[in-house]
Amino acid sequence: MTAYELMVKTNHHLIKGGALTDRQKGIVVNRLLAARAAPEQANRFYSGVNYPKNAGESRCMYPVFYIPPYDGNKKLKTVFGQTPNTHILSANMYELEILRLLVLFKPGDQAVADMVNKTLERLKKTCFGNDRCGTGECFDASLVTLRFLTAAAPGDSKWIQSRVDNYNNHVNEKKRAWHPLWYFWLCLSEAPPHIAEPEILKYKDEMLSWQDAADGGSEIARPNRAKIRAAGPVLVNTVKNCLRRLP
């Protein structure tokens with residue numbers, strides 16, 4: 001199992017309410033730490049994505065510690081199965097989702113803390129991570145940043161709120177696939193309560209209809225049952241995890 005496959009499998013397990021023993025967490029952590037990119041792997045990736053030779057500040061747009069295996073135009077899917085069109089989304093998703101699990105499973109570890117702190121500094125220099133950007137898949141990468149922040153910087157309400165605002169400001173600019181909305185809900189299921197609850201309330205009726213559809217009811221959500229069946233309990237539990245946060 002690759003680091004990517006382990007990351008996705010672990011995410012799905014946790015979203016569905018699964019728990020891990022300390023031993024299992026240790027195995028995940030060791031596997032993910034061992035997958036940290038070697039310099040030659042990073043150089044291959046940067047070269048493949050036509051990375052600017054003068055690097056500079058633009059280098060912050062791509063990951064540093066976890067570089068996805070570069071295979072031409074092939075992109076890694078998100079935890080909801082979305083196939084990115086750009087490495088901006090695919091590569092950042094890969095690094096930030098892995099670092100998020102390391103934060104959760106090995107808090108206080110110095111090596112993890114160093115990677116997380118440097119990654120936070122990198123994200124502060126990006127348009128998708130710390131600016132009002134909804135262009136292309138920077139919109140989606142902003143959501144990946146949001147989820148990472150809820151674990152890596154849960155006390156930075158201003159930064160977390162800025163990513164929530166970025167979603168709200170740009171989501172209706174064009175017709176989008178279903179993935180961003182559900183990834184946003186995933187973020188809300190994990191964000192600080194004072195930020196998450198007002199947003200969840202906006203979607204409460206829609207979430208209830210999805211839950212009802214999954215349980216076999218709701219004529220309103222009947223057309224979407226195929227999606228629910230295809231995605232299995234991961235989507236259903238994303239909704240339930242949000243609704244559980246309401247008073």
# chains A, B, ... in the order shown; residues from 1 in each chain; ligands from 1
call {"tool": "residues_around", "arguments": {"residues": "region 189-196 of chain A", "least_positions_apart": "5", "cutoff": "6 Å", "atoms": "only C-alpha atoms", "output": "ChimeraX atom specification"}}
result
/A:150,241-242
call {"tool": "write_last_selection", "arguments": {"atoms": "C-alpha atoms", "output": "PDB file, in the first residue's frame"}}
result
ATOM      1  CA  THR A 150      -8.462  22.889  11.372  1.00  0.00           C
ATOM      2  CA  ASN A 241     -20.789  14.296  11.410  1.00  0.00           C
ATOM      3  CA  CYS A 242     -21.868  17.840  10.545  1.00  0.00           C
TER       4      CYS A 242
END
call {"tool": "residues_around", "arguments": {"residues": "region 119-128 of chain A", "least_positions_apart": "4", "cutoff": "9 Å", "atoms": "only C-alpha atoms", "output": "PyMOL selection string"}}
result
chain A and resi 57-65+96+114-115+132-135+137-143+145+149+152-153+163+166
call {"tool": "select_by_dssp", "arguments": {"residues": "region 88-154 of chain A", "states": "helix (DSSP H, G or I)", "output": "number ranges by chain"}}
result
A: 88-105, 110-124, 127-130, 138-152
call {"tool": "write_last_selection", "arguments": {"atoms": "N, CA and C atoms", "output": "compact mmCIF listing (two decimals), in the first residue's frame"}}
result
# COMPACT_ATOMS: atom_id res chain seq x y z
N ILE A 88 -1.51 21.80 -8.80
CA ILE A 88 -1.75 22.72 -7.68
C ILE A 88 -2.68 22.05 -6.67
N LEU A 89 -3.75 21.45 -7.17
CA LEU A 89 -4.68 20.75 -6.27
C LEU A 89 -4.16 19.37 -5.88
N SER A 90 -3.75 18.58 -6.85
CA SER A 90 -3.34 17.21 -6.57
C SER A 90 -2.16 17.14 -5.60
N ALA A 91 -1.11 17.91 -5.87
CA ALA A 91 0.10 17.83 -5.06
C ALA A 91 -0.11 18.42 -3.67
N ASN A 92 -0.82 19.53 -3.58
CA ASN A 92 -1.07 20.11 -2.27
C ASN A 92 -2.00 19.23 -1.45
N MET A 93 -2.98 18.63 -2.09
CA MET A 93 -3.85 17.69 -1.39
C MET A 93 -3.03 16.56 -0.79
N TYR A 94 -2.10 16.02 -1.57
CA TYR A 94 -1.27 14.90 -1.12
C TYR A 94 -0.47 15.29 0.12
N GLU A 95 0.21 16.42 0.08
CA GLU A 95 1.03 16.81 1.22
C GLU A 95 0.19 17.20 2.44
N LEU A 96 -0.82 18.03 2.23
CA LEU A 96 -1.57 18.55 3.37
C LEU A 96 -2.40 17.46 4.06
N GLU A 97 -2.94 16.54 3.29
CA GLU A 97 -3.70 15.45 3.92
C GLU A 97 -2.80 14.52 4.72
N ILE A 98 -1.59 14.28 4.22
CA ILE A 98 -0.64 13.44 4.97
C ILE A 98 -0.20 14.16 6.24
N LEU A 99 0.18 15.42 6.12
CA LEU A 99 0.61 16.18 7.30
C LEU A 99 -0.51 16.28 8.33
N ARG A 100 -1.73 16.39 7.87
CA ARG A 100 -2.87 16.46 8.79
C ARG A 100 -2.95 15.20 9.66
N LEU A 101 -2.77 14.04 9.04
CA LEU A 101 -2.81 12.79 9.81
C LEU A 101 -1.64 12.71 10.79
N LEU A 102 -0.49 13.19 10.39
CA LEU A 102 0.66 13.18 11.30
C LEU A 102 0.41 14.08 12.50
N VAL A 103 -0.24 15.23 12.28
CA VAL A 103 -0.58 16.13 13.39
C VAL A 103 -1.53 15.43 14.35
N LEU A 104 -2.51 14.73 13.81
CA LEU A 104 -3.52 14.08 14.65
C LEU A 104 -2.95 12.89 15.41
N PHE A 105 -2.07 12.15 14.77
CA PHE A 105 -1.60 10.89 15.35
C PHE A 105 -0.31 11.01 16.15
N GLN A 110 8.69 16.56 17.28
CA GLN A 110 9.43 17.70 16.76
C GLN A 110 9.56 17.67 15.25
N ALA A 111 9.80 16.48 14.69
CA ALA A 111 9.94 16.38 13.24
C ALA A 111 8.64 16.77 12.54
N VAL A 112 7.53 16.31 13.08
CA VAL A 112 6.23 16.67 12.52
C VAL A 112 5.98 18.16 12.68
N ALA A 113 6.27 18.69 13.86
CA ALA A 113 6.06 20.11 14.12
C ALA A 113 6.87 20.98 13.17
N ASP A 114 8.11 20.59 12.87
CA ASP A 114 8.94 21.37 11.96
C ASP A 114 8.32 21.41 10.55
N MET A 115 7.86 20.24 10.09
CA MET A 115 7.24 20.20 8.76
C MET A 115 5.96 21.02 8.72
N VAL A 116 5.17 20.91 9.76
CA VAL A 116 3.90 21.64 9.81
C VAL A 116 4.14 23.14 9.85
N ASN A 117 5.06 23.59 10.69
CA ASN A 117 5.34 25.03 10.80
C ASN A 117 5.86 25.61 9.48
N LYS A 118 6.73 24.88 8.81
CA LYS A 118 7.25 25.36 7.53
C LYS A 118 6.17 25.35 6.46
N THR A 119 5.27 24.38 6.55
CA THR A 119 4.18 24.31 5.58
C THR A 119 3.19 25.44 5.81
N LEU A 120 2.92 25.77 7.06
CA LEU A 120 2.06 26.91 7.35
C LEU A 120 2.65 28.20 6.81
N GLU A 121 3.96 28.35 6.95
CA GLU A 121 4.62 29.54 6.40
C GLU A 121 4.53 29.55 4.88
N ARG A 122 4.64 28.37 4.27
CA ARG A 122 4.52 28.28 2.81
C ARG A 122 3.12 28.70 2.37
N LEU A 123 2.11 28.19 3.06
CA LEU A 123 0.73 28.47 2.68
C LEU A 123 0.38 29.94 2.81
N LYS A 124 1.01 30.62 3.76
CA LYS A 124 0.75 32.05 3.94
C LYS A 124 1.18 32.86 2.72
N CYS A 127 -1.70 32.15 -3.01
CA CYS A 127 -3.00 32.79 -3.27
C CYS A 127 -4.14 31.92 -2.76
N PHE A 128 -4.00 30.61 -2.92
CA PHE A 128 -5.08 29.71 -2.51
C PHE A 128 -5.12 29.50 -1.00
N GLY A 129 -4.00 29.70 -0.33
CA GLY A 129 -3.93 29.42 1.09
C GLY A 129 -4.20 30.61 1.98
N ASN A 130 -4.00 31.83 1.45
CA ASN A 130 -4.09 32.98 2.34
C ASN A 130 -4.52 34.25 1.61
N CYS A 138 -7.40 26.63 -7.69
CA CYS A 138 -6.99 27.31 -6.47
C CYS A 138 -8.18 27.36 -5.50
N PHE A 139 -9.39 27.41 -6.06
CA PHE A 139 -10.61 27.36 -5.24
C PHE A 139 -10.65 26.07 -4.43
N ASP A 140 -10.36 24.95 -5.08
CA ASP A 140 -10.37 23.65 -4.40
C ASP A 140 -9.19 23.53 -3.44
N ALA A 141 -8.03 24.04 -3.85
CA ALA A 141 -6.84 23.98 -2.99
C ALA A 141 -7.04 24.79 -1.72
N SER A 142 -7.87 25.85 -1.80
CA SER A 142 -8.19 26.62 -0.61
C SER A 142 -8.95 25.78 0.40
N LEU A 143 -9.81 24.87 -0.09
CA LEU A 143 -10.54 23.97 0.80
C LEU A 143 -9.60 22.95 1.44
N VAL A 144 -8.64 22.46 0.66
CA VAL A 144 -7.64 21.54 1.22
C VAL A 144 -6.85 22.24 2.32
N THR A 145 -6.53 23.50 2.09
CA THR A 145 -5.86 24.30 3.12
C THR A 145 -6.73 24.44 4.36
N LEU A 146 -8.02 24.71 4.15
CA LEU A 146 -8.95 24.86 5.27
C LEU A 146 -8.95 23.61 6.14
N ARG A 147 -9.04 22.46 5.53
CA ARG A 147 -9.07 21.22 6.32
C ARG A 147 -7.76 21.03 7.10
N PHE A 148 -6.66 21.34 6.46
CA PHE A 148 -5.36 21.23 7.12
C PHE A 148 -5.28 22.17 8.32
N LEU A 149 -5.77 23.39 8.14
CA LEU A 149 -5.71 24.38 9.22
C LEU A 149 -6.51 23.96 10.44
N THR A 150 -7.64 23.29 10.23
CA THR A 150 -8.46 22.89 11.37
C THR A 150 -7.73 21.92 12.29
N ALA A 151 -6.72 21.22 11.74
CA ALA A 151 -5.93 20.31 12.56
C ALA A 151 -4.60 20.92 12.98
N ALA A 152 -3.97 21.66 12.07
CA ALA A 152 -2.62 22.16 12.32
C ALA A 152 -2.59 23.52 13.01
call {"tool": "residues_around", "arguments": {"residues": "Arg23 (chain A)", "least_positions_apart": "6", "cutoff": "12 Å", "atoms": "only C-alpha atoms", "output": "VMD selection string"}}
result
chain A and resid 29 to 30 105 to 106
call {"tool": "closest_residue", "arguments": {"among": "A:Gly81, A:Pro69, A:Gly17, A:Gly48", "to": "Tyr183 (chain A)", "atoms": "only C-alpha atoms"}}
result
A:Gly81
call {"tool": "closest_residue", "arguments": {"among": "A:Glu197, A:Lys240, A:Val79, A:Pro180", "to": "Ser209 (chain A)", "atoms": "only C-alpha atoms"}}
result
A:Lys240
call {"tool": "atom_distance", "arguments": {"atom1": "CA of Leu235 (chain A)", "atom2": "CA of Pro107 (chain A)"}}
result
27.4 Å
call {"tool": "atom_distance", "arguments": {"atom1": "CA of Leu186 (chain A)", "atom2": "CA of Val239 (chain A)"}}
result
7.9 Å
call {"tool": "closest_residue", "arguments": {"among": "A:Lys9, A:Lys175, A:Ile200, A:Ala213", "to": "Leu188 (chain A)", "atoms": "only C-alpha atoms"}}
result
A:Ile200
call {"tool": "closest_residue", "arguments": {"among": "A:Thr2, A:Thr21, A:Thr83, A:Thr10", "to": "Ala34 (chain A)", "atoms": "only C-alpha atoms"}}
result
A:Thr2
